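One structure below.
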Amino acid sequence: MMNTQERRTTFAVSLIMAFRMLGLFMILPVFSVAARTYADATPQLIGLALGVYGLTQACLQMPFGLMSDRLGRKPIILTGLVLFAIGSLVAALAHNLHLIIIGRALQGGGAIGSTLIALLADFTRPEQRTKAMACMGMTIGIAFSAAMVLGPLVARWHSLSAIFWLTALLALLGIVVLFYLVPAGAPVLDENQEPLLKKLWTVLTDKELLRLDAGIFLQHAALTASFLVIPVVFHHSGITTLHAWRAYLPILVIAFLCMVPLIILAEKKQKMRPIFLGCIAMIGISQCILALSYHVFWVVCFALLLFFIAFNCLEACLPSLVSKRCPAASKGTAMGIYSSSQFLGIFFGGTVGGIVYAHIHIAGVFALVAGFALVWLLIAFGMQPIKVSSKNEE
């Protein structure tokens, strides 16, 4: 059972992560439709605006993770939250897509995902770390589900600007949580840490970590590309952006209820590999269904249910698997590479998805995402059970 400090840290880190992800995910169900009202809108620019956040995140996750290993976690997290708030304000005040792209790029400067995960690992004992990581992963899943419902509702106030204003407020709330809920006095870092290049070599030559990095890349490429066209599909079905939450809410509630027993089976019953592979396959199946029948509303809802069950389960499991695999002295570095892969996937999915949407339309984007799932399944098929040793865990 987690002690008081572990529970407090898990709650605080999960809350900060949820604030960030809630702000980011809220634009997904509305952006591709609302962005078309700007005079300079094109499918390529819409895709770039959706994905550019991931590019700056990918570039900075590893440097931030490395700096957190040297300078401590809190100063890096504070810097990231401030940059995230500034980018949100720029996007909130933007009057064209080019300025939104700049704001989204600045948001990406707050590349603290790896540092938050490393902070959580710092304050949890090895035997409790998986539970803490799973709690954080589930919190991200809840934030994602809430964002799908809240995004259309918040957009009613003042289109996309209202979402970006709220995102800036959530970043400031994250700073409050950082100072008042994260325990004081982070663990003292080892002054005799491994050289940087050795850390990088250790992490980049671990085949199992590379499988997980590839997985998070493809998962978020799939998410971003899908949501370039899912709001358009709903719009064509007569579900306006303002009322899309009515479709998302029951789907996401059912998906969450289905996800929980899957995670319990994966973690407690040692069924991680079959459930992990099954969820990847489920993403691919959902996209094949969408590619063939995206014009049938109830079929779309069923396919989205499959997608969200799989996505939320994988999102909860992946950080736990990375934490158990990476060496203790290189947590920040390993999480930096993992998070860089995640956000590079967002950029890749948004950019490539925008190009495919412009030339092959909706079915082409869903076929693209099904291809992502197939590649991921082939990569993950050879995954080995991760045995945590004292060497890897402090």
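Going by the structure tokens order, chains are called A, B, ..., each with residues numbered from 1, while ligands are numbered from 1 in the order shown.
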_Which residues are near stretch 354-357 of chain A? Cut-off 6 Å, only C-alpha atoms, ignore same chain within fewer than 6 positions. Put them as a list in words._
Pro43, Gln44, Gly47 and Val365 of chain A
Report as CSV the residues of stretch 79-179 of chain A within 10 Å of stretch 256-279 of chain A, each with its shortest atom pair and distance in Å (one decimal), using only C-alpha atoms, ordered by chain and increasing residue number.
residue,atom,partner,partner_atom,distance
A:Thr130,CA,A:Glu267,CA,8.5
A:Lys131,CA,A:Glu267,CA,8.9
A:Ala134,CA,A:Ile263,CA,8.4
A:Met138,CA,A:Val260,CA,8.7
A:Gly141,CA,A:Phe256,CA,8.0
A:Ile142,CA,A:Phe256,CA,7.8
A:Ser145,CA,A:Phe256,CA,8.2
**Message:** Which residue is closest to A:Gln219? Choose from A:Phe84, A:Tyr294, A:Phe381, A:Phe343 and count only C-alpha atoms.
**Reply:**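 Of all the options, A:Phe343 lies closest to A:Gln219.
Remark: for A:Ser286, the closest of the candidate residues A:Ala373, A:Cys317, A:Ala334, A:Ala132 is A:Ala373 (distances computed over only C-alpha atoms).
Each of A:Met282, A:Leu160, A:Leu378, A:Ala92 was compared to A:Val30 using only C-alpha atoms, and A:Leu160 turns out to be the nearest.
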inquiry  = With only C-alpha atoms as the counted atoms, please give the residues lying no more than 12 Å from stretch 32-40 of chain A, apart from itself and same-chain residues fewer than 2 positions off, as number ranges by chain.
reply    = A: 27-30, 42-51, 94-101, 151-152, 155-156, 158-161, 163, 224-236, 239-242, 244, 350, 353-354, 357
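Distances from A:Leu344, A:Val182, A:Met148, A:Ile280 to A:Leu252 were compared using only C-alpha atoms, and the smallest one belongs to A:Met148.
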Using only C-alpha atoms, the shortest atom-to-atom distance to A:Val52 among A:Leu249, A:Leu81, A:Ile102, A:Cys326 belongs to A:Ile102
Give me, as a compact mmCIF listing (two decimals) with N, CA, C and O atoms, in the first residue's frame, all polymer residues having an atom no more than 12 Å from A:Gly87, counting only C-alpha atoms and skipping those fewer than 6 positions away in the same chain.
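Result went into part-v6.txt, see below:
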# COMPACT_ATOMS: atom_id res chain seq x y z
N GLY A 23 -6.29 20.56 -21.36
CA GLY A 23 -6.21 21.72 -22.23
C GLY A 23 -5.88 21.36 -23.67
O GLY A 23 -6.42 21.93 -24.62
N LEU A 24 -4.99 20.39 -23.83
CA LEU A 24 -4.58 19.99 -25.18
C LEU A 24 -5.68 19.22 -25.90
O LEU A 24 -5.95 19.44 -27.07
N TYR A 53 2.36 21.45 -32.08
CA TYR A 53 2.64 21.33 -30.65
C TYR A 53 3.55 20.14 -30.40
O TYR A 53 4.49 20.20 -29.59
N THR A 56 7.55 20.77 -31.22
CA THR A 56 8.36 21.46 -30.21
C THR A 56 8.45 20.62 -28.93
O THR A 56 9.49 20.62 -28.26
N GLY A 80 8.29 24.85 -17.70
CA GLY A 80 7.41 24.29 -18.72
C GLY A 80 5.98 24.79 -18.61
O GLY A 80 5.33 25.09 -19.63
N LEU A 81 5.46 24.90 -17.40
CA LEU A 81 4.10 25.37 -17.21
C LEU A 81 3.95 26.83 -17.62
O LEU A 81 2.92 27.23 -18.19
N LEU A 93 -5.52 34.72 -28.45
CA LEU A 93 -5.63 36.06 -29.05
C LEU A 93 -5.46 36.04 -30.56
O LEU A 93 -5.54 37.09 -31.21
N ALA A 94 -5.21 34.87 -31.14
CA ALA A 94 -4.93 34.78 -32.57
C ALA A 94 -6.18 35.02 -33.41
O ALA A 94 -7.29 34.66 -33.01
N LEU A 99 -1.09 32.43 -36.65
CA LEU A 99 -0.82 32.80 -35.25
C LEU A 99 -1.15 31.65 -34.31
O LEU A 99 -0.47 31.45 -33.29
N ILE A 100 -2.18 30.90 -34.62
CA ILE A 100 -2.50 29.73 -33.79
C ILE A 100 -1.36 28.72 -33.86
O ILE A 100 -0.99 28.11 -32.85
N ILE A 101 -0.77 28.55 -35.03
CA ILE A 101 0.37 27.65 -35.17
C ILE A 101 1.52 28.11 -34.28
O ILE A 101 2.17 27.30 -33.60
N ILE A 102 1.77 29.42 -34.25
CA ILE A 102 2.84 29.96 -33.37
C ILE A 102 2.50 29.69 -31.91
O ILE A 102 3.35 29.26 -31.11
N GLY A 103 1.24 29.94 -31.52
CA GLY A 103 0.84 29.70 -30.14
C GLY A 103 0.95 28.24 -29.75
O GLY A 103 1.43 27.90 -28.67
N ARG A 104 0.54 27.36 -30.67
CA ARG A 104 0.64 25.93 -30.40
C ARG A 104 2.11 25.49 -30.27
O ARG A 104 2.45 24.64 -29.46
N ALA A 105 2.97 26.09 -31.09
CA ALA A 105 4.40 25.76 -30.99
C ALA A 105 4.96 26.20 -29.65
O ALA A 105 5.76 25.49 -29.03
N LEU A 106 4.53 27.38 -29.17
CA LEU A 106 4.97 27.85 -27.86
C LEU A 106 4.42 26.96 -26.75
O LEU A 106 5.11 26.68 -25.76
N GLN A 107 3.17 26.52 -26.90
CA GLN A 107 2.63 25.57 -25.92
C GLN A 107 3.54 24.35 -25.81
O GLN A 107 3.80 23.84 -24.72
N GLY A 108 4.02 23.90 -26.94
CA GLY A 108 4.89 22.73 -26.95
C GLY A 108 6.21 22.95 -26.24
O GLY A 108 6.89 21.99 -25.87
N GLY A 109 6.58 24.24 -26.05
CA GLY A 109 7.79 24.53 -25.30
C GLY A 109 7.72 24.07 -23.85
O GLY A 109 8.75 23.90 -23.19
N GLY A 110 6.50 23.86 -23.36
CA GLY A 110 6.34 23.36 -21.99
C GLY A 110 6.46 21.85 -21.95
O GLY A 110 5.53 21.14 -21.57
N PHE A 164 -8.55 28.01 -25.51
CA PHE A 164 -7.17 28.41 -25.23
C PHE A 164 -7.07 29.24 -23.95
O PHE A 164 -6.09 29.13 -23.20
N TRP A 165 -8.07 30.09 -23.68
CA TRP A 165 -8.07 30.82 -22.41
C TRP A 165 -8.15 29.86 -21.22
O TRP A 165 -7.44 30.02 -20.22
N THR A 167 -7.20 26.79 -21.22
CA THR A 167 -5.94 26.06 -21.17
C THR A 167 -4.88 26.85 -20.41
O THR A 167 -4.11 26.29 -19.61
N ALA A 168 -4.83 28.17 -20.64
CA ALA A 168 -3.88 29.02 -19.91
C ALA A 168 -4.18 29.00 -18.41
O ALA A 168 -3.27 28.93 -17.58
N LEU A 169 -5.47 29.05 -18.05
CA LEU A 169 -5.85 29.00 -16.64
C LEU A 169 -5.45 27.66 -16.01
O LEU A 169 -4.95 27.63 -14.88
N ALA A 171 -2.95 25.83 -16.85
CA ALA A 171 -1.50 25.84 -16.65
C ALA A 171 -1.13 26.57 -15.36
O ALA A 171 -0.26 26.13 -14.60
